[in-house]
>>> print(open('data.cif').read())   # mmCIF, C-alpha atoms and all ligand atoms
data_query
#
loop_
_atom_site.group_PDB
_atom_site.id
_atom_site.type_symbol
_atom_site.label_atom_id
_atom_site.label_comp_id
_atom_site.auth_asym_id
_atom_site.auth_seq_id
_atom_site.Cartn_x
_atom_site.Cartn_y
_atom_site.Cartn_z
ATOM 1 C CA MET Q 17 4.865 49.977 -12.138
ATOM 2 C CA ASN Q 18 6.092 52.798 -9.939
ATOM 3 C CA TYR Q 19 9.703 53.416 -8.974
ATOM 4 C CA VAL Q 20 9.490 51.667 -5.594
ATOM 5 C CA THR Q 21 8.329 48.395 -7.178
ATOM 6 C CA HIS Q 22 10.944 48.749 -9.922
ATOM 7 C CA SER Q 23 13.764 49.391 -7.477
ATOM 8 C CA PHE Q 24 12.741 46.243 -5.561
ATOM 9 C CA GLY Q 25 12.936 44.390 -8.882
ATOM 10 C CA GLY Q 26 16.412 45.873 -9.344
ATOM 11 C CA VAL Q 27 17.529 44.695 -5.899
ATOM 12 C CA ALA Q 28 16.177 41.204 -6.717
ATOM 13 C CA ALA Q 29 18.141 41.195 -9.990
ATOM 14 C CA GLY Q 30 21.264 42.440 -8.180
ATOM 15 C CA LEU Q 31 20.993 39.739 -5.488
ATOM 16 C CA ALA Q 32 20.533 37.074 -8.174
ATOM 17 C CA VAL Q 33 23.691 38.190 -10.019
ATOM 18 C CA ILE Q 34 25.709 38.474 -6.784
ATOM 19 C CA ALA Q 35 24.702 34.911 -5.878
ATOM 20 C CA ALA Q 36 25.172 33.481 -9.395
ATOM 21 C CA ALA Q 37 28.560 35.140 -9.978
ATOM 22 C CA SER Q 38 29.682 34.593 -6.343
ATOM 23 C CA VAL Q 39 30.644 38.231 -5.843
ATOM 24 C CA THR Q 40 31.824 38.333 -2.225
ATOM 25 C CA ASP Q 41 33.678 41.647 -1.947
ATOM 26 C CA PRO Q 42 31.359 44.252 -0.348
ATOM 27 C CA VAL Q 43 32.681 47.082 -2.569
ATOM 28 C CA GLN Q 44 32.059 45.050 -5.723
ATOM 29 C CA GLN Q 45 28.638 44.034 -4.395
ATOM 30 C CA THR Q 46 27.776 47.694 -3.787
ATOM 31 C CA ALA Q 47 28.846 48.695 -7.321
ATOM 32 C CA LEU Q 48 26.786 45.846 -8.768
ATOM 33 C CA MET Q 49 23.742 46.664 -6.639
ATOM 34 C CA THR Q 50 23.938 50.385 -7.513
ATOM 35 C CA GLY Q 51 23.974 49.411 -11.185
ATOM 36 C CA ALA Q 52 21.050 47.018 -10.719
ATOM 37 C CA VAL Q 53 18.817 49.597 -9.017
ATOM 38 C CA LEU Q 54 19.668 52.368 -11.513
ATOM 39 C CA GLY Q 55 19.168 49.911 -14.391
ATOM 40 C CA SER Q 56 15.772 48.934 -12.984
ATOM 41 C CA LEU Q 57 14.694 52.597 -13.067
ATOM 42 C CA PHE Q 58 16.376 53.588 -16.340
ATOM 43 C CA PRO Q 59 13.733 52.508 -18.933
ATOM 44 C CA ASP Q 60 11.242 55.049 -17.532
ATOM 45 C CA ILE Q 61 13.558 57.773 -18.876
ATOM 46 C CA ASP Q 62 10.948 57.810 -21.704
ATOM 47 C CA HIS Q 63 8.352 59.227 -19.269
ATOM 48 C CA ARG Q 64 8.753 62.891 -18.211
ATOM 49 C CA LYS Q 65 7.039 62.355 -14.860
ATOM 50 C CA SER Q 66 9.036 59.299 -13.757
ATOM 51 C CA TRP Q 67 11.499 59.259 -10.837
ATOM 52 C CA ILE Q 68 14.509 58.918 -13.132
ATOM 53 C CA ALA Q 69 13.249 61.807 -15.315
ATOM 54 C CA HIS Q 70 13.282 64.063 -12.251
ATOM 55 C CA LYS Q 71 16.899 63.045 -11.599
ATOM 56 C CA ALA Q 72 17.981 63.477 -15.230
ATOM 57 C CA PRO Q 73 15.541 66.020 -16.714
ATOM 58 C CA ILE Q 74 17.545 66.921 -19.821
ATOM 59 C CA ALA Q 75 18.063 63.293 -20.863
ATOM 60 C CA ALA Q 76 14.411 62.536 -20.080
ATOM 61 C CA ASN Q 77 13.176 65.455 -22.171
ATOM 62 C CA ILE Q 78 15.203 64.278 -25.142
ATOM 63 C CA MET Q 79 14.195 60.606 -24.739
ATOM 64 C CA ALA Q 80 10.529 61.367 -24.057
ATOM 65 C CA GLY Q 81 10.504 63.678 -27.084
ATOM 66 C CA LEU Q 82 11.973 60.998 -29.345
ATOM 67 C CA PHE Q 83 10.230 57.886 -28.023
ATOM 68 C CA LYS Q 84 6.768 57.251 -26.697
ATOM 69 C CA HIS Q 85 6.399 55.844 -23.193
ATOM 70 C CA ARG Q 86 6.690 52.038 -23.082
ATOM 71 C CA GLY Q 87 7.803 52.087 -26.695
ATOM 72 C CA ALA Q 88 11.261 51.230 -28.049
ATOM 73 C CA ILE Q 89 12.986 52.025 -24.730
ATOM 74 C CA HIS Q 90 10.946 49.272 -23.065
ATOM 75 C CA THR Q 91 12.175 46.457 -25.333
ATOM 76 C CA PRO Q 92 14.785 43.674 -25.149
ATOM 77 C CA VAL Q 93 16.430 45.180 -28.262
ATOM 78 C CA PHE Q 94 17.069 48.423 -26.379
ATOM 79 C CA VAL Q 95 18.535 46.433 -23.447
ATOM 80 C CA LEU Q 96 20.920 44.758 -25.941
ATOM 81 C CA ILE Q 97 21.910 48.146 -27.414
ATOM 82 C CA VAL Q 98 22.601 49.605 -23.955
ATOM 83 C CA GLY Q 99 24.486 46.427 -22.974
ATOM 84 C CA ALA Q 100 26.673 46.610 -26.101
ATOM 85 C CA ALA Q 101 27.272 50.357 -25.641
ATOM 86 C CA LEU Q 102 28.227 50.004 -21.963
ATOM 87 C CA GLY Q 103 30.386 46.962 -22.743
ATOM 88 C CA LEU Q 104 32.294 48.888 -25.429
ATOM 89 C CA LEU Q 105 32.627 51.944 -23.213
ATOM 90 C CA ASN Q 106 34.009 49.787 -20.412
ATOM 91 C CA TRP Q 107 36.385 47.943 -22.709
ATOM 92 C CA GLY Q 108 37.647 51.125 -24.336
ATOM 93 C CA TRP Q 109 37.871 53.486 -21.415
ATOM 94 C CA LEU Q 110 35.859 52.923 -18.235
ATOM 95 C CA ARG Q 111 37.853 49.954 -16.904
ATOM 96 C CA GLU Q 112 41.061 52.036 -16.970
ATOM 97 C CA PHE Q 113 39.220 54.718 -15.074
ATOM 98 C CA ASN Q 114 37.637 52.432 -12.468
ATOM 99 C CA TYR Q 115 37.617 48.614 -12.278
ATOM 100 C CA LEU Q 116 34.226 48.729 -10.509
ATOM 101 C CA ALA Q 117 32.535 49.868 -13.749
ATOM 102 C CA ALA Q 118 32.376 46.226 -14.877
ATOM 103 C CA TYR Q 119 30.414 45.321 -11.725
ATOM 104 C CA PHE Q 120 28.117 48.312 -12.201
ATOM 105 C CA ILE Q 121 27.333 47.169 -15.758
ATOM 106 C CA GLN Q 122 26.877 43.555 -14.573
ATOM 107 C CA GLY Q 123 24.073 44.879 -12.386
ATOM 108 C CA PHE Q 124 22.691 47.533 -14.737
ATOM 109 C CA ILE Q 125 21.624 45.189 -17.548
ATOM 110 C CA PRO Q 126 19.805 42.628 -15.329
ATOM 111 C CA GLY Q 127 18.213 45.616 -13.581
ATOM 112 C CA MET Q 128 16.834 46.804 -16.940
ATOM 113 C CA ILE Q 129 15.519 43.297 -17.658
ATOM 114 C CA SER Q 130 13.723 43.291 -14.283
ATOM 115 C CA HIS Q 131 11.963 46.498 -15.391
ATOM 116 C CA LEU Q 132 10.668 44.827 -18.557
ATOM 117 C CA ILE Q 133 9.442 41.804 -16.577
ATOM 118 C CA LEU Q 134 7.617 43.946 -14.003
ATOM 119 C CA ASP Q 135 6.018 46.147 -16.679
ATOM 120 C CA THR Q 136 4.750 42.945 -18.325
ATOM 121 C CA LEU Q 137 2.531 42.508 -15.246
ATOM 122 C CA ASN Q 138 0.842 45.816 -16.170
ATOM 123 C CA VAL Q 139 -2.215 45.962 -18.361
ATOM 124 C CA GLN Q 140 -0.406 48.074 -21.023
ATOM 125 C CA GLY Q 141 2.345 45.449 -21.346
ATOM 126 C CA ILE Q 142 5.470 45.965 -23.432
ATOM 127 C CA MET Q 143 6.616 45.082 -26.965
ATOM 128 C CA TRP Q 144 8.787 42.006 -26.294
ATOM 129 C CA LEU Q 145 9.202 41.260 -30.021
ATOM 130 C CA TRP Q 146 9.901 44.819 -31.240
ATOM 131 C CA PRO Q 147 10.884 45.688 -34.015
ATOM 132 C CA ILE Q 148 9.541 42.422 -35.541
ATOM 133 C CA SER Q 149 6.101 43.080 -34.061
ATOM 134 C CA ASP Q 150 4.382 45.987 -32.286
ATOM 135 C CA LYS Q 151 2.230 43.566 -30.287
ATOM 136 C CA ARG Q 152 2.225 44.289 -26.560
ATOM 137 C CA PHE Q 153 2.416 41.365 -24.159
ATOM 138 C CA HIS Q 154 1.165 41.363 -20.598
ATOM 139 C CA ILE Q 155 0.765 38.565 -18.052
ATOM 140 C CA LEU Q 156 -1.454 40.372 -15.542
ATOM 141 C CA ARG Q 157 -3.673 43.441 -15.744
ATOM 142 C CA ILE Q 158 -2.228 45.459 -12.880
ATOM 143 C CA ARG Q 159 -2.531 49.241 -13.106
ATOM 144 C CA THR Q 160 0.381 51.414 -12.011
ATOM 145 C CA ASN Q 161 -0.039 52.740 -8.445
ATOM 146 C CA SER Q 162 -3.131 50.542 -7.863
ATOM 147 C CA ALA Q 163 -3.815 48.417 -4.760
ATOM 148 C CA MET Q 164 -2.706 45.348 -6.780
ATOM 149 C CA GLU Q 165 0.650 46.979 -7.441
ATOM 150 C CA ALA Q 166 0.999 47.620 -3.697
ATOM 151 C CA VAL Q 167 0.443 43.882 -3.127
ATOM 152 C CA VAL Q 168 3.092 42.940 -5.734
ATOM 153 C CA CYS Q 169 5.441 45.469 -4.159
ATOM 154 C CA MET Q 170 4.935 44.057 -0.653
ATOM 155 C CA VAL Q 171 5.337 40.427 -1.755
ATOM 156 C CA LEU Q 172 8.524 41.373 -3.625
ATOM 157 C CA GLY Q 173 9.775 43.261 -0.559
ATOM 158 C CA ALA Q 174 9.085 40.271 1.714
ATOM 159 C CA CYS Q 175 10.875 37.871 -0.692
ATOM 160 C CA LEU Q 176 13.849 40.232 -0.846
ATOM 161 C CA TYR Q 177 14.066 40.425 2.909
ATOM 162 C CA GLY Q 178 14.132 36.595 3.041
ATOM 163 C CA GLN Q 179 16.837 36.418 0.354
ATOM 164 C CA TYR Q 180 18.869 39.177 1.971
ATOM 165 C CA THR Q 181 19.023 37.413 5.332
ATOM 166 C CA LYS Q 182 20.082 34.199 3.521
ATOM 167 C CA ILE Q 183 22.934 35.785 1.525
ATOM 168 C CA PHE Q 184 24.382 38.294 3.999
HETATM 169 ZN ZN ZN Q 201 8.336 51.282 -17.379
#
>>> encode(input="data.cif", output="C-alpha cells", more="lines below")
Ligand SMILES: [Zn+2]
Amino acid sequence: MNYVTHSFGGVAAGLAVIAAASVTDPVQQTALMTGAVLGSLFPDIDHRKSWIAHKAPIAANIMAGLFKHRGAIHTPVFVLIVGAALGLLNWGWLREFNYLAAYFIQGFIPGMISHLILDTLNVQGIMWLWPISDKRFHILRIRTNSAMEAVVCMVLGACLYGQYTKIF
C-alpha cells in the first residue's frame, strides 16, 4: 500500500487507542496520533523509494541494505522488538525527558500493526509467522497504487471521517 493508505490506517489505529484508553487531553491525543501515523509509515523504512525513506534517507539506506522489502521489518516479531526497545527507552530515559513519549509509543506500535494488516491486503502479503515460517499471507490481491487500492483508501477515509465526527 502507498503512504496515504498507510497513514489512514495509522489514524484509524490512533483513534481506536484514544477511544479504548479514554485519552481526553488534546495534547496527549496529539502525541498519540503523531506516534500512530509515524508508526504506520515506519515499516516501509526497508524500501528506499518509500515516503519514510525520503524523510530518513540514512536510516532507510542502512535498513534497505540489511533487509529485503516486506521481509523481517514487516513482521509481528519486529513490531515486538520495536515495542520492547521503545518501552525500555521510555522507562530508562524518555519519560524523564518528556511525559508525552509514553503516549507517542502507545500510538506508534498500533500504527505499525495497522501497516502489517494493510499490507496483508496486497498480493505480495507479509510473513506473519516469521521466523518460524517464510510463508507469506495475504487476504486480498490488491496491487500497490492500483485502482483497488484507491477504493480501499477512500473507504478507509470515509470510515475515519465518520469516526472522527463521533469522537470529537
Ligand atoms: Zn509495507
>>> resolve_selection(input="data.cif", expression="the PyMOL selection byres (((chain Q and resi 19-36) around 10) and not hetatm)", output="tab-separated table (two decimals) with C-alpha atoms, keeping the file's coordinate frame")
chain	number	residue	atom	x	y	z
Q	17	MET	CA	4.86	49.98	-12.14
Q	18	ASN	CA	6.09	52.80	-9.94
Q	37	ALA	CA	28.56	35.14	-9.98
Q	38	SER	CA	29.68	34.59	-6.34
Q	39	VAL	CA	30.64	38.23	-5.84
Q	40	THR	CA	31.82	38.33	-2.22
Q	41	ASP	CA	33.68	41.65	-1.95
Q	44	GLN	CA	32.06	45.05	-5.72
Q	45	GLN	CA	28.64	44.03	-4.39
Q	46	THR	CA	27.78	47.69	-3.79
Q	47	ALA	CA	28.85	48.70	-7.32
Q	48	LEU	CA	26.79	45.85	-8.77
Q	49	MET	CA	23.74	46.66	-6.64
Q	50	THR	CA	23.94	50.38	-7.51
Q	51	GLY	CA	23.97	49.41	-11.18
Q	52	ALA	CA	21.05	47.02	-10.72
Q	53	VAL	CA	18.82	49.60	-9.02
Q	54	LEU	CA	19.67	52.37	-11.51
Q	55	GLY	CA	19.17	49.91	-14.39
Q	56	SER	CA	15.77	48.93	-12.98
Q	57	LEU	CA	14.69	52.60	-13.07
Q	58	PHE	CA	16.38	53.59	-16.34
Q	60	ASP	CA	11.24	55.05	-17.53
Q	66	SER	CA	9.04	59.30	-13.76
Q	67	TRP	CA	11.50	59.26	-10.84
Q	68	ILE	CA	14.51	58.92	-13.13
Q	119	TYR	CA	30.41	45.32	-11.72
Q	120	PHE	CA	28.12	48.31	-12.20
Q	122	GLN	CA	26.88	43.56	-14.57
Q	123	GLY	CA	24.07	44.88	-12.39
Q	124	PHE	CA	22.69	47.53	-14.74
Q	125	ILE	CA	21.62	45.19	-17.55
Q	126	PRO	CA	19.80	42.63	-15.33
Q	127	GLY	CA	18.21	45.62	-13.58
Q	128	MET	CA	16.83	46.80	-16.94
Q	129	ILE	CA	15.52	43.30	-17.66
Q	130	SER	CA	13.72	43.29	-14.28
Q	131	HIS	CA	11.96	46.50	-15.39
Q	132	LEU	CA	10.67	44.83	-18.56
Q	133	ILE	CA	9.44	41.80	-16.58
Q	134	LEU	CA	7.62	43.95	-14.00
Q	135	ASP	CA	6.02	46.15	-16.68
Q	160	THR	CA	0.38	51.41	-12.01
Q	161	ASN	CA	-0.04	52.74	-8.44
Q	165	GLU	CA	0.65	46.98	-7.44
Q	166	ALA	CA	1.00	47.62	-3.70
Q	167	VAL	CA	0.44	43.88	-3.13
Q	168	VAL	CA	3.09	42.94	-5.73
Q	169	CYS	CA	5.44	45.47	-4.16
Q	170	MET	CA	4.93	44.06	-0.65
Q	172	LEU	CA	8.52	41.37	-3.62
Q	173	GLY	CA	9.78	43.26	-0.56
Q	175	CYS	CA	10.88	37.87	-0.69
Q	176	LEU	CA	13.85	40.23	-0.85
Q	177	TYR	CA	14.07	40.42	2.91
Q	179	GLN	CA	16.84	36.42	0.35
Q	180	TYR	CA	18.87	39.18	1.97
Q	183	ILE	CA	22.93	35.78	1.52
>>> residues_around(input="data.cif", residues="stretch 83-95 of chain Q", least_positions_apart="4", cutoff="7 Å", atoms="only C-alpha atoms", output="list in words")
Pro59, Asp62, His63, Met79, Gly99, Ile125, Met128, Leu132, Ile142, Met143, Trp144 and Trp146 of chain Q
>>> write_last_selection(input="data.cif", atoms="C-alpha atoms", output="CSV table (one decimal), keeping the file's coordinate frame")
chain,number,residue,atom,x,y,z
Q,59,PRO,CA,13.7,52.5,-18.9
Q,62,ASP,CA,10.9,57.8,-21.7
Q,63,HIS,CA,8.4,59.2,-19.3
Q,79,MET,CA,14.2,60.6,-24.7
Q,99,GLY,CA,24.5,46.4,-23.0
Q,125,ILE,CA,21.6,45.2,-17.5
Q,128,MET,CA,16.8,46.8,-16.9
Q,132,LEU,CA,10.7,44.8,-18.6
Q,142,ILE,CA,5.5,46.0,-23.4
Q,143,MET,CA,6.6,45.1,-27.0
Q,144,TRP,CA,8.8,42.0,-26.3
Q,146,TRP,CA,9.9,44.8,-31.2
>>> residues_around(input="data.cif", residues="Q:Gln140", least_positions_apart="3", cutoff="9 Å", atoms="only C-alpha atoms", output="PyMOL selection string")
chain Q and resi 86+135-137+152-154+157-159
>>> write_last_selection(input="data.cif", atoms="C-alpha atoms", output="PDB file, in the coordinates of the input")
ATOM      1  CA  ARG Q  86       6.690  52.038 -23.082  1.00  0.00           C
ATOM      2  CA  ASP Q 135       6.018  46.147 -16.679  1.00  0.00           C
ATOM      3  CA  THR Q 136       4.750  42.945 -18.325  1.00  0.00           C
ATOM      4  CA  LEU Q 137       2.531  42.508 -15.246  1.00  0.00           C
ATOM      5  CA  ARG Q 152       2.225  44.289 -26.560  1.00  0.00           C
ATOM      6  CA  PHE Q 153       2.416  41.365 -24.159  1.00  0.00           C
ATOM      7  CA  HIS Q 154       1.165  41.363 -20.598  1.00  0.00           C
ATOM      8  CA  ARG Q 157      -3.673  43.441 -15.744  1.00  0.00           C
ATOM      9  CA  ILE Q 158      -2.228  45.459 -12.880  1.00  0.00           C
ATOM     10  CA  ARG Q 159      -2.531  49.241 -13.106  1.00  0.00           C
TER      11      ARG Q 159
END
>>> atom_distance(input="data.cif", atom1="atom CA of Q:Ala100", atom2="atom CA of Q:Leu116")
17.5 Å
>>> atom_distance(input="data.cif", atom1="atom CA of Q:Pro147", atom2="atom CA of Q:Leu96")
12.9 Å
>>> closest_residue(input="data.cif", among="Q:Asn106, Q:Asn138, Q:Asn77, Q:Asn114", to="ligand ZN 201 (chain Q)", atoms="all atoms listed in the file")
Q:Asn138
>>> closest_residue(input="data.cif", among="Q:Lys71, Q:Gly141, Q:Ile97, Q:Ile121", to="ligand ZN 201 (chain Q)", atoms="all atoms listed in the file")
Q:Gly141
>>> closest_residue(input="data.cif", among="Q:Val139, Q:Leu105, Q:Ile74, Q:Val43", to="ligand ZN 201 (chain Q)", atoms="all atoms listed in the file")
Q:Val139
>>> closest_residue(input="data.cif", among="Q:Arg111, Q:Thr181, Q:Ile78, Q:Lys65", to="ligand ZN 201 (chain Q)", atoms="all atoms listed in the file")
Q:Lys65
>>> atom_distance(input="data.cif", atom1="atom CA of Q:Asp150", atom2="atom CA of Q:Ala69")
24.8 Å
>>> closest_residue(input="data.cif", among="Q:Leu110, Q:Ala118, Q:Ile61, Q:Ala72", to="ligand ZN 201 (chain Q)", atoms="all atoms listed in the file")
Q:Ile61
>>> decode(input="data.cif", residues="stretch 90-152 of chain Q", atoms="C-alpha atoms", output="short mmCIF file (atom, residue, chain, number, x, y, z; two decimals), in the first residue's frame")
data_model
loop_
_atom_site.label_atom_id
_atom_site.label_comp_id
_atom_site.auth_asym_id
_atom_site.auth_seq_id
_atom_site.Cartn_x
_atom_site.Cartn_y
_atom_site.Cartn_z
CA HIS Q 90 7.23 -6.35 8.02
CA THR Q 91 6.65 -8.97 10.74
CA PRO Q 92 4.93 -9.11 14.15
CA VAL Q 93 8.30 -10.13 15.66
CA PHE Q 94 9.84 -6.85 14.51
CA VAL Q 95 6.86 -4.93 16.00
CA LEU Q 96 7.55 -6.71 19.33
CA ILE Q 97 11.26 -5.82 19.15
CA VAL Q 98 10.49 -2.15 18.43
CA GLY Q 99 7.84 -2.15 21.19
CA ALA Q 100 10.30 -3.60 23.72
CA ALA Q 101 13.06 -1.19 22.64
CA LEU Q 102 10.80 1.88 22.85
CA GLY Q 103 9.36 0.68 26.17
CA LEU Q 104 12.86 0.30 27.65
CA LEU Q 105 13.98 3.63 26.24
CA ASN Q 106 10.94 5.32 27.75
CA TRP Q 107 11.38 3.62 31.10
CA GLY Q 108 15.08 4.40 31.27
CA TRP Q 109 15.23 7.90 29.89
CA LEU Q 110 12.47 9.28 27.66
CA ARG Q 111 9.80 9.69 30.35
CA GLU Q 112 12.14 11.94 32.37
CA PHE Q 113 12.70 13.96 29.24
CA ASN Q 114 9.05 14.24 28.21
CA TYR Q 115 5.96 12.53 29.70
CA LEU Q 116 4.28 12.58 26.26
CA ALA Q 117 6.73 9.93 24.98
CA ALA Q 118 4.54 7.24 26.56
CA TYR Q 119 1.55 8.45 24.51
CA PHE Q 120 3.67 8.59 21.36
CA ILE Q 121 4.73 4.96 21.88
CA GLN Q 122 1.12 3.95 22.69
CA GLY Q 123 0.26 5.15 19.20
CA PHE Q 124 3.42 4.04 17.39
CA ILE Q 125 3.05 0.30 17.99
CA PRO Q 126 -0.64 0.04 16.94
CA GLY Q 127 0.30 2.19 13.94
CA MET Q 128 2.92 -0.40 12.95
CA ILE Q 129 0.35 -3.18 13.36
CA SER Q 130 -2.04 -1.30 11.04
CA HIS Q 131 0.73 -1.32 8.41
CA LEU Q 132 1.04 -5.11 8.61
CA ILE Q 133 -2.74 -5.53 8.33
CA LEU Q 134 -2.99 -3.24 5.29
CA ASP Q 135 -0.03 -4.90 3.55
CA THR Q 136 -1.81 -8.24 4.07
CA LEU Q 137 -4.45 -6.97 1.62
CA ASN Q 138 -1.69 -6.77 -1.03
CA VAL Q 139 -0.92 -9.64 -3.34
CA GLN Q 140 2.68 -9.95 -2.02
CA GLY Q 141 1.42 -10.35 1.56
CA ILE Q 142 3.72 -10.45 4.57
CA MET Q 143 5.38 -13.16 6.70
CA TRP Q 144 3.05 -13.24 9.73
CA LEU Q 145 4.77 -16.32 11.20
CA TRP Q 146 8.41 -15.27 10.64
CA PRO Q 147 10.94 -16.60 11.75
CA ILE Q 148 9.02 -19.91 12.20
CA SER Q 149 7.93 -19.84 8.57
CA ASP Q 150 8.76 -17.76 5.48
CA LYS Q 151 5.24 -18.25 4.12
CA ARG Q 152 3.59 -15.01 3.03
#
